[in-house]
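S.K.: Here you go, one structure.
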Number of protein chains: 2
Amino acid sequence: MTYCVAMNLSEGLVFVSDSRTNAGVDHIATFRKLYIFGVPGERLIVLQAAGNLATSQSVISLLRQRLKGKGPHLCSVDSLFEAAQLVGKTMREVVSRDAEPTMSAGVDLTCSFLLGGQIGEEPPALFNLYPQGNFIAATPDTPYFQIGESKYGKPILDRALTYQTPLDHALRCALISFDSTIRSNLSVALPLDVLVYRSGSLEVPKGYRVQEGDPYFEEIRDYWGGGLRRLLGELSSPPDGYWN
Amino acid sequence: MTYCVAMNLSEGLVFVSDSRTNAGVDHIATFRKLYIFGVPGERLIVLQAAGNLATSQSVISLLRQRLKGKGPHLCSVDSLFEAAQLVGKTMREVVSRDAEPTMSAGVDLTCSFLLGGQIGEEPPALFNLYPQGNFIAATPDTPYFQIGESKYGKPILDRALTYQTPLDHALRCALISFDSTIRSNLSVALPLDVLVYRSGSLEVPKGYRVQEGDPYFEEIRDYWGGGLRRLLGELSSPPDGYWN
């Protein structure tokens with residue numbers, strides 16, 4: 001499985017992905033699922049992938065290969081909307097290439113992507129690309145998207161995240177969402193890939209990898225676990241009616 | 001959908017169920033999913049159901065009808081293990097009755113149950129009955145079971161609940177688990193049915209229904225939401241590396 005979350009907030013964008021892939025519980029591996037395209041001072045495009053790894057890797061390889069070609073590519077398109085259209089088209093291209101009926105029967109070849117970034121003067125944007133290659137955009141009402149194993153980590157985002165949440169706070173919230181998911185589901189695991197982008201900077205951050213034993217991640221997961229137990233203790237006791 | 005949780009702890013048993021059923025988003029209804037069988041001073045058996053409502057209601061009706069018959073029934077069996085076997089058998093009976101191939105093709109007729117309680121001198125027990133009618137028992141290592149829409153509410157149970165957790169604390173933890181699920185998923189909703197049983201009492205509690213606007217539930221969900229946001233604010237800021 002996989003878990004990726006991306007946020008489009010007033011101060012900028014936050015992306016966090018895990019790196020576990022699995023086919024059954026005895027076939028697990030580590031693959032990066034966060035990919036960066038960009039030209040400093042001009043554009044940043046971040047992609048996060050879930051679903052069939054052969055498909056998503058092929059999509060990324062084609063997108064990279066074409067950066068040198070004459071056709072439209074991620075470093076030539078004029079808007080993130082065009083970038084999302086291009087990625088959707090490439091997804092359909094790869095799936096039709098591989099979908100030979102007698103060989104792929106019963107195999108789900110599809111994948112999904114989150115695509116976020118900023119190009120030139122455009123405001124930053126974030127898209128959720130469905131397996132069909134169509135997509136929706138995040139808005140201030142719904143400023144985040146998840147793909148993959150999203151349920152365990154959703155409650156904290158639903159409770160604590162709004163469009164106005166500062167980046168620093170939002171990043172903590174995303175990391176806690178990952179901690180909750182990792183504790184409850186074996187198919188999501190460290191290392192995590194983190195990338196934070198400040199709106200308008202047009203920088204191309206390298207991103208940060210949270211490895212097993214990362215001191216900050218350890219600190220906040222311990223503090224969070226203790227804090228939750230403390231908070232439960234602070235709730236008042238259920239009244240008599242509850243004990244009937 | 002449905003969400004039910006049951007716990008078998010050192011002090012006793014906790015059961016909480018929601019009451020929403022749905023077939024599509026425009027066909028929702030309220031049905032109780034927590035059923036009580038018992039003889040004060042002798043036995044308590046609590047059942048919680050998820051899955052096909054026609055099947056689970058038929059199972060409960062047959063179990064109730066047979067309380068007056070001569071065959072083995074829930075108020076005559078000598079142990080909770082036998083009770084679980086009886087419920088499993090009744091589940092298979094109902095599904096085979098309804099599984100007429102030409103009419104039920106493509107319809108999932110199965111349901112699942114949590115069954116907990118205490119009979120006489122036996123220690124309390126809790127079983128998770130799979131759609132096939134077979135079952136597993138909770139142990140001090142894994143003192144709780146969930147059925148239905150379980151993922152949103154699992155992280156808080158995984159973090160805060162152990163076999164030694166006092167009943168009062170465990171009930172708050174279960175209610176928070178429901179609040180998290182209700183906020184993130186439309187198919188789980190109030191009212192909730194709550195039943196707490198103190199080990200060895202052999203009482204047959206009536207249980208409590210948490211309706212929309214229940215003052216205690218409102219109080220703890222507000223406090224919890226505020227507490228989580230406060231806790232996020234208390235986490236230290238991500239170090240510089242995270243911002244690369």
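Residue numbering restarts at 1 in every chain; chains get A, B, ... in the order shown in the structure tokens, and ligands count up from 1 in that same order.
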Under the rule of at most 6 Å, produce a per-residue listing of chain B near chain A: chain, number, name, the closest pair of atoms, and the distance in Å, as a Markdown table, using only C-alpha atoms.
M.R.:
| residue | atom | partner | partner_atom | distance |
| --- | --- | --- | --- | --- |
| B:Lys151 | CA | A:Tyr152 | CA | 5.3 |
| B:Tyr152 | CA | A:Tyr152 | CA | 4.8 |
| B:Pro155 | CA | A:Ser180 | CA | 5.6 |
| B:Ala160 | CA | A:Arg229 | CA | 5.8 |
| B:Ser180 | CA | A:Pro155 | CA | 5.6 |
| B:Val196 | CA | A:Trp243 | CA | 5.9 |
| B:Pro205 | CA | A:Asn244 | CA | 5.4 |
| B:Lys206 | CA | A:Asn244 | CA | 5.7 |
| B:Gly207 | CA | A:Asn244 | CA | 5.3 |
| B:Tyr208 | CA | A:Tyr242 | CA | 5.3 |
| B:Arg229 | CA | A:Ala160 | CA | 5.8 |
| B:Tyr242 | CA | A:Tyr208 | CA | 5.3 |
| B:Trp243 | CA | A:Val196 | CA | 5.9 |
| B:Asn244 | CA | A:Gly207 | CA | 5.3 |
S.K.: If we count only C-alpha atoms and set the cut-off at 8 Å, which residues sit around Lys33 (chain B), ignoring sequence neighbours fewer than 6 positions away in its own chain? Please answer as a VMD selection string.
M.R.: chain B and resid 17 to 19 47 to 50 193
S.K.: Rounded to one decimal in Å, what is the spacing between CA of Ile45 (chain A) and CA of Glu212 (chain A)?
M.R.: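 According to the coordinates, CA of Ile45 (chain A) and CA of Glu212 (chain A) are separated by 27.1 Å.
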S.K.: Tell me, as a PyMOL selection string, which residues lie within 12 Å of Ser61 (chain A), counting only C-alpha atoms; anything in the same chain fewer than 4 positions away does not count.
M.R.: chain A and resi 35+37+53-57+65-67+87+90-91+94
S.K.: As an MDAnalysis selection string, which residues of region 58-236 of chain A does DSSP assign to helix (DSSP H, G or I)?
M.R.: chainID A and resid 58:68 80:98 101:104 154:160 167:184 215:234
S.K.: Write out as a PDB file with N, CA, C and O atoms, in the first residue's frame which residues come within 9 Å of Ser199 (chain B) when counting only C-alpha atoms, dropping same-chain ones fewer than 2 positions away.
M.R.:
ATOM      1  N   LEU B   9     -11.918  -6.136  28.997  1.00  0.00           N
ATOM      2  CA  LEU B   9     -10.833  -5.577  29.812  1.00  0.00           C
ATOM      3  C   LEU B   9     -10.838  -6.191  31.211  1.00  0.00           C
ATOM      4  O   LEU B   9     -11.795  -6.886  31.581  1.00  0.00           O
ATOM      5  N   SER B  10      -9.802  -5.895  31.976  1.00  0.00           N
ATOM      6  CA  SER B  10      -9.700  -6.536  33.297  1.00  0.00           C
ATOM      7  C   SER B  10     -10.907  -6.216  34.180  1.00  0.00           C
ATOM      8  O   SER B  10     -11.365  -7.057  34.932  1.00  0.00           O
ATOM      9  N   GLU B  11     -11.479  -5.014  34.056  1.00  0.00           N
ATOM     10  CA  GLU B  11     -12.622  -4.651  34.893  1.00  0.00           C
ATOM     11  C   GLU B  11     -13.972  -5.063  34.310  1.00  0.00           C
ATOM     12  O   GLU B  11     -14.975  -5.019  35.014  1.00  0.00           O
ATOM     13  N   GLY B  12     -14.007  -5.382  33.015  1.00  0.00           N
ATOM     14  CA  GLY B  12     -15.296  -5.759  32.429  1.00  0.00           C
ATOM     15  C   GLY B  12     -15.347  -5.510  30.938  1.00  0.00           C
ATOM     16  O   GLY B  12     -14.308  -5.452  30.268  1.00  0.00           O
ATOM     17  N   LEU B  13     -16.556  -5.335  30.431  1.00  0.00           N
ATOM     18  CA  LEU B  13     -16.785  -5.240  28.985  1.00  0.00           C
ATOM     19  C   LEU B  13     -17.381  -3.888  28.615  1.00  0.00           C
ATOM     20  O   LEU B  13     -18.170  -3.325  29.378  1.00  0.00           O
ATOM     21  N   GLY B 117     -19.864 -11.200  26.782  1.00  0.00           N
ATOM     22  CA  GLY B 117     -20.701 -11.340  27.963  1.00  0.00           C
ATOM     23  C   GLY B 117     -20.040 -12.211  29.005  1.00  0.00           C
ATOM     24  O   GLY B 117     -18.808 -12.375  29.016  1.00  0.00           O
ATOM     25  N   GLN B 118     -20.874 -12.745  29.873  1.00  0.00           N
ATOM     26  CA  GLN B 118     -20.376 -13.620  30.936  1.00  0.00           C
ATOM     27  C   GLN B 118     -21.492 -14.595  31.302  1.00  0.00           C
ATOM     28  O   GLN B 118     -22.668 -14.228  31.347  1.00  0.00           O
ATOM     29  N   PRO B 123     -15.060 -16.633  33.294  1.00  0.00           N
ATOM     30  CA  PRO B 123     -14.654 -15.230  33.110  1.00  0.00           C
ATOM     31  C   PRO B 123     -15.401 -14.631  31.908  1.00  0.00           C
ATOM     32  O   PRO B 123     -15.846 -15.375  31.022  1.00  0.00           O
ATOM     33  N   PRO B 124     -15.540 -13.306  31.864  1.00  0.00           N
ATOM     34  CA  PRO B 124     -16.157 -12.681  30.688  1.00  0.00           C
ATOM     35  C   PRO B 124     -15.362 -13.018  29.434  1.00  0.00           C
ATOM     36  O   PRO B 124     -14.153 -13.278  29.510  1.00  0.00           O
ATOM     37  N   TYR B 197     -20.409  -3.355  31.148  1.00  0.00           N
ATOM     38  CA  TYR B 197     -20.670  -4.482  32.054  1.00  0.00           C
ATOM     39  C   TYR B 197     -19.477  -4.673  32.984  1.00  0.00           C
ATOM     40  O   TYR B 197     -18.337  -4.768  32.523  1.00  0.00           O
ATOM     41  N   SER B 201     -20.439  -9.142  37.859  1.00  0.00           N
ATOM     42  CA  SER B 201     -21.698  -8.636  38.433  1.00  0.00           C
ATOM     43  C   SER B 201     -22.898  -9.489  37.999  1.00  0.00           C
ATOM     44  O   SER B 201     -23.905  -9.540  38.685  1.00  0.00           O
ATOM     45  N   LEU B 202     -22.807 -10.124  36.846  1.00  0.00           N
ATOM     46  CA  LEU B 202     -23.926 -10.892  36.268  1.00  0.00           C
ATOM     47  C   LEU B 202     -25.227 -10.077  36.201  1.00  0.00           C
ATOM     48  O   LEU B 202     -26.322 -10.618  36.254  1.00  0.00           O
TER      49      LEU B 202
END
S.K.: Which residues, written as a list in words, have at least one atom at most 10 Å from Arg64 (chain B), with only C-alpha atoms counted and residues fewer than 6 positions away on the same chain left out?
M.R.: Phe37, Ser58, His73, Leu74 and Cys75 of chain B
S.K.: Tell me, in Å to one decimal, how far CA of Ser112 (chain A) is from CA of Ile36 (chain A).
M.R.: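 If I compute the distance from CA of Ser112 (chain A) to CA of Ile36 (chain A), I get 16.2 Å.
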S.K.: Using only C-alpha atoms, which of A:Phe81, A:Phe178, A:Tyr163, A:Tyr3 sits nearest Thr139 (chain A)?
M.R.: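 Looking at the shortest contact to Thr139 (chain A), the residue is A:Tyr163.
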S.K.: Of the candidates B:Leu80, B:Val188, B:Ser104, B:Val25, which one gets nearest to Ala137 (chain B) if we count only C-alpha atoms?
M.R.: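 Smallest separation from Ala137 (chain B) among the options: B:Leu80.
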S.K.: Find the distance between CA of Asp78 (chain B) and CA of Gly120 (chain B) and write it in Å to one decimal.
M.R.: 8.4 Å
